[in-house]
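Have a look at the structure below before the remarks.
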Amino acid sequence: MKVTLVPHTHWDREWYEPFSVFSERLVGMMDTLLDLVADGFPHFHLDGQTAMIDDYLERRPERADELASRVREGRLSAGPWVTQMDEFLVSGESHVQNLRMGLERARELGADPRVGYLPDQFGHVGQMPRILRDAGLGWALVWRGVPAAIDRSTFRWRSTDGSAEVLCEYMPFGYSAGARLMLAREPEALAATIRAEIERMRPLLVDDRLLIMVGYDHAGPDATLQERLGRAARFLPGIDARIGGIDEHVDGRQLGDLPVWTGELRSSARAHLLPNVVSARVPQKLERGRVETLLERHVEPAAASAPEEELRRAWTLMLWNGAHDSACGCSDDQVAIDVDARFAEARTIAEGILERAGVSPPSEDAPSRVTIAPRPDGIDIEGVEVRFLDEPDIGDLYNFCFAEEGQRASAPDRIDVDGDHFEMAWDGLRVSARASRTGGEPVVVLEGTIHNERPDHRLRLHVTLPRPAETAVAGAPFELVRRPLIGEGSAAEAPSPTWPARHVVLASATAVLHEGVFEYEVVDRTALALTLLRCVGTISRGTLATRPYPAGPATPTPNAQMLGSTELRLGIWTGADEATLLERWDRFALAHARRMPSVRRPTIAGR
């Protein structure tokens with residue numbers, strides 16, 4: 001048995017503390033690490049991202065040559081990513097830029113990454129094998145999202161369309177499973193811990209190799225690991241346990257028949273997927289979509305004369321904001337404020353490039369009025385039943401949780417309709433919006449404002465479907481993906497009926513269009529629900545009915561209660577078809593992205 005121990009850290013650039021705090025810790029950790037490596041420590045894995053290297057060198061430029069030499073020697077890893085991004089909350093082009101810029105920086109430092117390290121993403125998109133292959137990477141290393149059907153530690157992962165495949169190493173117990181080795185101080189105890197890890201993984205192994213990641217969140221190196229492992233060797237007969245890198249684990253492996261998985265990895269079979277980050281801090285999901293559209297569809301085609309450093313700065317800001325805790329919104333309120341500031345700067349850069357190129361905002365046809373009629377629990381928009389329903393949410397920024405089993409969402413206490421305008425109100429909550437069409441478009445656009453004055457609830461829009469739906473088709477990076485109505489759950493997390501959609505979702509000939517990423521659910525097969533607002537006040541809670549243990553710290557997040565006004569803009573298309581779904585989205589969103597200012601930047605309540 002060949003066991004590769006990989007000392008590492010998982011470094012969230014920001015999370016339960018802002019970047020300013022974590023960067024101070026990073027300097028101390030990296031100072032210690034470089035000194036340790038200079039004394040002969042064999043290898044340390046820097047979380048597959050170059051951002052933490054550059055964040056450190058921003059503070060310690062005098063150690064740049066030393067760090068690069070350690071990377072060239074193979075004692076420190078670099079890349080392949082800039083940041084560990086959430087795969088569902090950023091665009092396909094964001095993934096490409098993340099990998100392109102990360103590999104460029106890694107090779108500049110002297111590394112040659114071969115493994116797409118993806119340790120903590122909340123699921124994986126179906127085109128990730130294609131993205132990795134196109135960049136020359138033949139392996140992926142993942143934790144969350146792998147379904148129960150994959151019962152081996154190594155499998156073949158194919159893109160949804162079958163056009164690309166990578167070998168995928170699976171960490172069923174997570175990237176911090178080997179942290180227990182750091183606690184085993186005596187040689188016999190360390191050997192026993194290694195043997196226990198082997199036995200725990202044995203039913204899943206496909207050959208005589210085992211990878212153990214020795215580290216955890218924001219961890220520094222275990223300075224005594226090499227010496228303790230040497231003393232433990234005599235207690236490990238038949239086991240060759242060495243400190244090394246991930247590449248050493250995958251190099252030269254002779255693999256026979258392996259399980260195959262095609263498409264996205266969004267299962268809670270062995271680890272919680274934390275699906276409701278998609279509806280946390282919803283204005284940020286909208287603004288990210290708009291700025292991505294500006295950069296990808298407006299700026300890039302017109303940027304031939306733009307200074308390269310400007311465009312690179314805009315993308316760097318977007319990659320920082322794509323880091324999974326930042327993009328997901330499951331962070332401290334100050335982090336959310338910092339994220340908003342980066343979006344504002346990226347938007348300013350993009351708009352400046354367009355103005356200097358003489359590129360005018362595309363014209364939009366004048367909107368035409370749409371007929372609305374009141375219903376007992378909602379409204380009728382030209383024959384389509386639309387309801388706004390609100391319900392308690394006692395969960396956190398990771399997971400929705402009902403207050404009572406079987407709770408029913410509440411219709412508004414008041415519904416007022418005046419021509420193409422409507423207003424709905426509950427105690428402490430009000431939706432005011434207008435419906436319109438543009439030109440001869442079949443898409444009805446709802447635009448307005450949600451005014452919220454109370455905490456701990458979820459507001460959703462329900463569109464009644466013309467016939468029962470068995471599946472839904474949703475947008476995701478580089479694809480439209482067909483999904484079941486409920487995901488795979490386990491003791492780690494309840495099966496979730498909610499899913500992310502990039503720009504579009506279609507069920508039973510009814511589509512909803514949005515400028516960013518949004519959360520949807522097909523309810524009882526009869527209605528397509530879209531989460532408009534999810535209001536919670538902490539990063540994580542303890543035991544929930546939907547998740548039995550914490551997913552993070554219990555840091556208060558008063559701004560995540562979404563008190564105040566939130567923009568509402570979406571499109572509803574009945575009689576929709578999959579073939580022209582993205583074409584309709586272009587007409588719904590492209591011109592509008594040029595006209596919108598950045599989202600409001602809230603202040604922290606009580607600070």
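Lettering and numbering for the structure tokens are positional, with chains as A, B, ... in the shown order, residues counted from 1 in each chain, and ligands counted from 1 in the shown order.
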
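The protein and nucleic acid residues lying at most 8 Å from range 539-555 of chain A are Tyr16, His272, Cys330, Ser331, Asp332, Gly395, Asp396, Leu397, Tyr398, Asn399, Phe400, Cys401, Phe402, Ala491, Ala492, Glu493, Ala494, Gly537 and Thr557 of chain A, with only C-alpha atoms considered and sequence neighbours fewer than 2 positions away removed.
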
Considering only helix (DSSP H, G or I) as DSSP defines it on the backbone, what residues of range 78-279 of chain A qualify? List them as a PyMOL selection string. chain A and resi 92-109+128-134+177-182+187-204+225-235+246-250+275-279

Residues near Phe173 in chain A, anyone? I mean within 8 Å using only C-alpha atoms, not counting same-chain ones fewer than 3 positions away, as JSON, numbers by chain. {"A": [143, 176, 177, 270, 271]}

Serialized selection, C-alpha atoms, as a PDB file, in the first residue's frame:
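As written to disk, selection_8.pdb reads:
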ATOM      1  CA  TRP A 143     -15.365  16.048  -2.186  1.00  0.00           C
ATOM      2  CA  SER A 176      -9.704  17.551   6.384  1.00  0.00           C
ATOM      3  CA  ALA A 177     -10.057  13.813   7.013  1.00  0.00           C
ATOM      4  CA  ARG A 270     -22.136  11.553   1.816  1.00  0.00           C
ATOM      5  CA  ALA A 271     -21.688  15.258   2.518  1.00  0.00           C
TER       6      ALA A 271
END

Using only C-alpha atoms, can you tell me which of A:Val444, A:Leu265, A:Val278, A:Leu317 comes closest to Leu533 in chain A?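 Looking only at the distances to Leu533 in chain A, the closest residue turns out to be A:Val278.
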
Which polymer residues have any atom within 10 Å of an atom of Gly174 in chain A, counting only C-alpha atoms, with same-chain residues fewer than 6 positions away left out, as an MDAnalysis selection string? chainID A and resid 119:120 142:144 212:213 216 270:271

All residues 12 Å or closer to range 349-351 of chain A, only C-alpha atoms, same chain fewer than 2 positions away omitted, as JSON, numbers by chain: {"A": [290, 291, 292, 293, 294, 295, 296, 297, 298, 299, 300, 301, 302, 303, 306, 307, 308, 309, 310, 311, 312, 313, 314, 315, 316, 317, 318, 342, 343, 344, 345, 346, 347, 353, 354, 355, 356, 357, 358, 359, 360, 361, 593, 594, 595, 596, 597, 598]}

Restricting the output to C-alpha atoms, write the selected residues as a PDB file, in the first residue's frame.
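After the write, result_26.pdb holds the following:
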ATOM      1  CA  ARG A 290     -25.094  41.800 -14.765  1.00  0.00           C
ATOM      2  CA  VAL A 291     -21.375  42.533 -14.449  1.00  0.00           C
ATOM      3  CA  GLU A 292     -20.468  39.193 -16.043  1.00  0.00           C
ATOM      4  CA  THR A 293     -22.778  40.073 -18.933  1.00  0.00           C
ATOM      5  CA  LEU A 294     -21.115  43.489 -19.246  1.00  0.00           C
ATOM      6  CA  LEU A 295     -17.632  41.975 -19.378  1.00  0.00           C
ATOM      7  CA  GLU A 296     -18.391  38.957 -21.542  1.00  0.00           C
ATOM      8  CA  ARG A 297     -20.969  40.250 -23.997  1.00  0.00           C
ATOM      9  CA  HIS A 298     -20.238  43.995 -24.188  1.00  0.00           C
ATOM     10  CA  VAL A 299     -16.653  44.733 -23.111  1.00  0.00           C
ATOM     11  CA  GLU A 300     -14.716  41.775 -24.532  1.00  0.00           C
ATOM     12  CA  PRO A 301     -15.950  42.322 -28.118  1.00  0.00           C
ATOM     13  CA  ALA A 302     -15.065  46.049 -27.858  1.00  0.00           C
ATOM     14  CA  ALA A 303     -11.892  45.811 -25.810  1.00  0.00           C
ATOM     15  CA  ALA A 306      -8.556  48.784 -23.861  1.00  0.00           C
ATOM     16  CA  PRO A 307      -5.496  48.685 -21.596  1.00  0.00           C
ATOM     17  CA  GLU A 308      -4.826  45.058 -20.724  1.00  0.00           C
ATOM     18  CA  GLU A 309      -4.273  45.907 -17.073  1.00  0.00           C
ATOM     19  CA  GLU A 310      -7.779  47.379 -16.801  1.00  0.00           C
ATOM     20  CA  LEU A 311      -9.481  44.282 -18.146  1.00  0.00           C
ATOM     21  CA  ARG A 312      -7.277  42.048 -16.017  1.00  0.00           C
ATOM     22  CA  ARG A 313      -8.150  44.091 -12.923  1.00  0.00           C
ATOM     23  CA  ALA A 314     -11.868  43.733 -13.649  1.00  0.00           C
ATOM     24  CA  TRP A 315     -11.556  39.965 -14.033  1.00  0.00           C
ATOM     25  CA  THR A 316      -9.393  39.695 -10.917  1.00  0.00           C
ATOM     26  CA  LEU A 317     -12.101  41.444  -8.903  1.00  0.00           C
ATOM     27  CA  MET A 318     -14.680  39.023 -10.309  1.00  0.00           C
ATOM     28  CA  ARG A 342     -15.568  44.901  -5.838  1.00  0.00           C
ATOM     29  CA  PHE A 343     -18.600  44.546  -8.095  1.00  0.00           C
ATOM     30  CA  ALA A 344     -18.910  48.338  -8.188  1.00  0.00           C
ATOM     31  CA  GLU A 345     -15.253  48.715  -9.181  1.00  0.00           C
ATOM     32  CA  ALA A 346     -15.495  46.011 -11.855  1.00  0.00           C
ATOM     33  CA  ARG A 347     -18.619  47.669 -13.271  1.00  0.00           C
ATOM     34  CA  ILE A 353     -13.872  50.817 -21.416  1.00  0.00           C
ATOM     35  CA  LEU A 354     -17.172  50.952 -23.298  1.00  0.00           C
ATOM     36  CA  GLU A 355     -17.378  54.746 -23.096  1.00  0.00           C
ATOM     37  CA  ARG A 356     -13.834  55.212 -24.437  1.00  0.00           C
ATOM     38  CA  ALA A 357     -14.537  52.824 -27.322  1.00  0.00           C
ATOM     39  CA  GLY A 358     -17.616  54.897 -28.473  1.00  0.00           C
ATOM     40  CA  VAL A 359     -19.919  51.954 -27.815  1.00  0.00           C
ATOM     41  CA  SER A 360     -23.396  53.254 -27.035  1.00  0.00           C
ATOM     42  CA  PRO A 361     -25.924  51.343 -24.928  1.00  0.00           C
ATOM     43  CA  ALA A 593     -27.235  45.045 -18.221  1.00  0.00           C
ATOM     44  CA  ARG A 594     -25.801  48.297 -19.669  1.00  0.00           C
ATOM     45  CA  ARG A 595     -28.434  50.435 -17.987  1.00  0.00           C
ATOM     46  CA  MET A 596     -28.284  49.273 -14.402  1.00  0.00           C
ATOM     47  CA  PRO A 597     -26.266  50.896 -11.600  1.00  0.00           C
ATOM     48  CA  SER A 598     -24.563  48.724  -9.005  1.00  0.00           C
TER      49      SER A 598
END

Compile the contact shell of Met128 in chain A as a list of chain:residue names: residues with an atom at most 10 Å away, counting only C-alpha atoms, same-chain residues fewer than 6 positions apart removed. A:Glu87, A:Gly92, A:His95, A:Gly116, A:Asp134, A:Ala140, A:Trp157, A:Arg158, A:Ser159, A:Thr160, A:Ala164, A:Glu165, A:Val166, A:Gly263, A:Glu264, A:Leu265, A:Pro477, A:Phe478

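Residue nearest Gly28 in chain A, chosen from A:Trp426, A:Tyr56, A:Tyr170, A:Phe41 and counting only C-alpha atoms: A:Tyr56.
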
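The nearest approach to Glu447 in chain A among the residues A:Val517, A:Ala425, A:Leu570, A:Ala411, with only C-alpha atoms taken into account, belongs to A:Leu570.
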
Run DSSP on the backbone of this structure and report the residues of range 183-420 of chain A it assigns to strand (DSSP E), as number ranges by chain. A: 209-214, 240-243, 260-262, 367-369, 372-375, 378-381, 384-392, 414-418

Please produce a file of the residues just selected, as an mmCIF file, in the first residue's frame, where the atoms kept are N, CA and C atoms.
data_model
loop_
_atom_site.group_PDB
_atom_site.id
_atom_site.type_symbol
_atom_site.label_atom_id
_atom_site.label_comp_id
_atom_site.auth_asym_id
_atom_site.auth_seq_id
_atom_site.Cartn_x
_atom_site.Cartn_y
_atom_site.Cartn_z
ATOM 1 N N ARG A 209 -3.162 2.462 -3.849
ATOM 2 C CA ARG A 209 -2.736 3.819 -3.514
ATOM 3 C C ARG A 209 -3.831 4.545 -2.739
ATOM 4 N N LEU A 210 -3.382 5.304 -1.754
ATOM 5 C CA LEU A 210 -4.313 6.087 -0.932
ATOM 6 C C LEU A 210 -3.759 7.491 -0.749
ATOM 7 N N LEU A 211 -4.641 8.477 -0.926
ATOM 8 C CA LEU A 211 -4.301 9.884 -0.708
ATOM 9 C C LEU A 211 -4.910 10.336 0.605
ATOM 10 N N ILE A 212 -4.110 10.923 1.472
ATOM 11 C CA ILE A 212 -4.609 11.478 2.730
ATOM 12 C C ILE A 212 -4.208 12.950 2.793
ATOM 13 N N MET A 213 -5.212 13.840 2.795
ATOM 14 C CA MET A 213 -4.964 15.273 2.906
ATOM 15 C C MET A 213 -4.850 15.629 4.388
ATOM 16 N N VAL A 214 -3.682 16.110 4.789
ATOM 17 C CA VAL A 214 -3.380 16.363 6.200
ATOM 18 C C VAL A 214 -3.446 17.875 6.448
ATOM 19 N N ASP A 240 3.898 1.877 2.607
ATOM 20 C CA ASP A 240 4.874 2.898 2.250
ATOM 21 C C ASP A 240 4.187 4.256 2.364
ATOM 22 N N ALA A 241 4.339 4.901 3.503
ATOM 23 C CA ALA A 241 3.679 6.183 3.762
ATOM 24 C C ALA A 241 4.704 7.305 3.665
ATOM 25 N N ARG A 242 4.455 8.239 2.745
ATOM 26 C CA ARG A 242 5.395 9.325 2.510
ATOM 27 C C ARG A 242 4.653 10.646 2.343
ATOM 28 N N ILE A 243 5.348 11.735 2.701
ATOM 29 C CA ILE A 243 4.830 13.067 2.443
ATOM 30 C C ILE A 243 5.099 13.418 0.989
ATOM 31 N N VAL A 260 -18.232 5.176 -14.032
ATOM 32 C CA VAL A 260 -18.341 6.361 -14.874
ATOM 33 C C VAL A 260 -19.527 7.191 -14.409
ATOM 34 N N TRP A 261 -19.300 8.498 -14.296
ATOM 35 C CA TRP A 261 -20.399 9.424 -14.017
ATOM 36 C C TRP A 261 -20.412 10.504 -15.082
ATOM 37 N N THR A 262 -21.588 10.801 -15.595
ATOM 38 C CA THR A 262 -21.746 11.816 -16.625
ATOM 39 C C THR A 262 -22.564 12.977 -16.080
ATOM 40 N N PRO A 367 -41.705 49.512 -23.956
ATOM 41 C CA PRO A 367 -42.537 48.426 -23.433
ATOM 42 C C PRO A 367 -44.016 48.679 -23.694
ATOM 43 N N SER A 368 -44.762 47.604 -23.859
ATOM 44 C CA SER A 368 -46.210 47.701 -24.009
ATOM 45 C C SER A 368 -46.874 47.161 -22.753
ATOM 46 N N ARG A 369 -48.076 47.635 -22.477
ATOM 47 C CA ARG A 369 -48.773 47.254 -21.251
ATOM 48 C C ARG A 369 -49.287 45.825 -21.346
ATOM 49 N N ILE A 372 -53.447 42.684 -16.217
ATOM 50 C CA ILE A 372 -53.381 41.926 -14.967
ATOM 51 C C ILE A 372 -54.758 41.911 -14.334
ATOM 52 N N ALA A 373 -55.122 40.753 -13.804
ATOM 53 C CA ALA A 373 -56.393 40.638 -13.081
ATOM 54 C C ALA A 373 -56.129 40.021 -11.724
ATOM 55 N N PRO A 374 -56.803 40.485 -10.671
ATOM 56 C CA PRO A 374 -56.597 39.903 -9.336
ATOM 57 C C PRO A 374 -57.244 38.528 -9.234
ATOM 58 N N ARG A 375 -56.657 37.691 -8.391
ATOM 59 C CA ARG A 375 -57.210 36.390 -8.032
ATOM 60 C C ARG A 375 -57.281 36.338 -6.510
ATOM 61 N N GLY A 378 -53.571 35.612 -5.619
ATOM 62 C CA GLY A 378 -52.511 36.039 -6.506
ATOM 63 C C GLY A 378 -53.039 36.914 -7.610
ATOM 64 N N ILE A 379 -52.419 36.832 -8.795
ATOM 65 C CA ILE A 379 -52.850 37.612 -9.945
ATOM 66 C C ILE A 379 -52.855 36.730 -11.181
ATOM 67 N N ASP A 380 -53.581 37.186 -12.187
ATOM 68 C CA ASP A 380 -53.626 36.523 -13.489
ATOM 69 C C ASP A 380 -52.992 37.475 -14.499
ATOM 70 N N ILE A 381 -51.913 37.008 -15.132
ATOM 71 C CA ILE A 381 -51.237 37.813 -16.144
ATOM 72 C C ILE A 381 -51.522 37.178 -17.503
ATOM 73 N N VAL A 384 -52.151 33.509 -17.160
ATOM 74 C CA VAL A 384 -51.187 32.750 -16.363
ATOM 75 C C VAL A 384 -51.355 33.111 -14.894
ATOM 76 N N GLU A 385 -51.526 32.098 -14.047
ATOM 77 C CA GLU A 385 -51.691 32.332 -12.618
ATOM 78 C C GLU A 385 -50.332 32.520 -11.960
ATOM 79 N N VAL A 386 -50.166 33.655 -11.307
ATOM 80 C CA VAL A 386 -48.916 33.986 -10.620
ATOM 81 C C VAL A 386 -49.250 34.311 -9.172
ATOM 82 N N ARG A 387 -48.531 33.658 -8.259
ATOM 83 C CA ARG A 387 -48.751 33.899 -6.830
ATOM 84 C C ARG A 387 -47.429 34.255 -6.154
ATOM 85 N N PHE A 388 -47.519 35.096 -5.133
ATOM 86 C CA PHE A 388 -46.384 35.415 -4.270
ATOM 87 C C PHE A 388 -46.710 34.838 -2.899
ATOM 88 N N LEU A 389 -45.869 33.916 -2.409
ATOM 89 C CA LEU A 389 -46.140 33.222 -1.158
ATOM 90 C C LEU A 389 -44.955 33.369 -0.208
ATOM 91 N N ASP A 390 -45.256 33.595 1.067
ATOM 92 C CA ASP A 390 -44.225 33.828 2.073
ATOM 93 C C ASP A 390 -44.366 32.810 3.193
ATOM 94 N N GLU A 391 -43.233 32.389 3.772
ATOM 95 C CA GLU A 391 -43.262 31.384 4.840
ATOM 96 C C GLU A 391 -42.080 31.568 5.782
ATOM 97 N N PRO A 392 -42.186 31.069 7.017
ATOM 98 C CA PRO A 392 -41.072 31.180 7.959
ATOM 99 C C PRO A 392 -39.855 30.395 7.485
ATOM 100 N N ARG A 414 -53.214 41.464 1.380
ATOM 101 C CA ARG A 414 -53.846 42.456 0.505
ATOM 102 C C ARG A 414 -53.263 42.354 -0.899
ATOM 103 N N ILE A 415 -54.147 42.399 -1.918
ATOM 104 C CA ILE A 415 -53.723 42.397 -3.317
ATOM 105 C C ILE A 415 -54.449 43.533 -4.016
ATOM 106 N N ASP A 416 -53.680 44.483 -4.569
ATOM 107 C CA ASP A 416 -54.255 45.612 -5.308
ATOM 108 C C ASP A 416 -53.723 45.577 -6.741
ATOM 109 N N VAL A 417 -54.616 45.738 -7.707
ATOM 110 C CA VAL A 417 -54.237 45.756 -9.123
ATOM 111 C C VAL A 417 -54.776 47.036 -9.748
ATOM 112 N N ASP A 418 -53.891 47.711 -10.482
ATOM 113 C CA ASP A 418 -54.292 48.933 -11.182
ATOM 114 C C ASP A 418 -53.654 48.897 -12.568
#

Spatial neighbours of Arg63 in chain A, max dist 12 Å, only C-alpha atoms, sep filter under 2 positions, as a list of chain:residue names: A:Val27, A:Met30, A:Asp31, A:Leu33, A:Leu34, A:Asp35, A:Ile53, A:Asp54, A:Tyr56, A:Leu57, A:Glu58, A:Arg59, A:Arg60, A:Pro61, A:Asp65, A:Glu66, A:Leu67, A:Ala68, A:Ser69, A:Arg70

So, counting only C-alpha atoms, which residue among A:Arg483, A:Arg569, A:Arg105, A:Arg234 is closest to Val512 in chain A? A:Arg569

Would you mind reading off the distance between CA of Glu519 in chain A and CA of Glu382 in chain A, one decimal, in Å? 24.8 Å
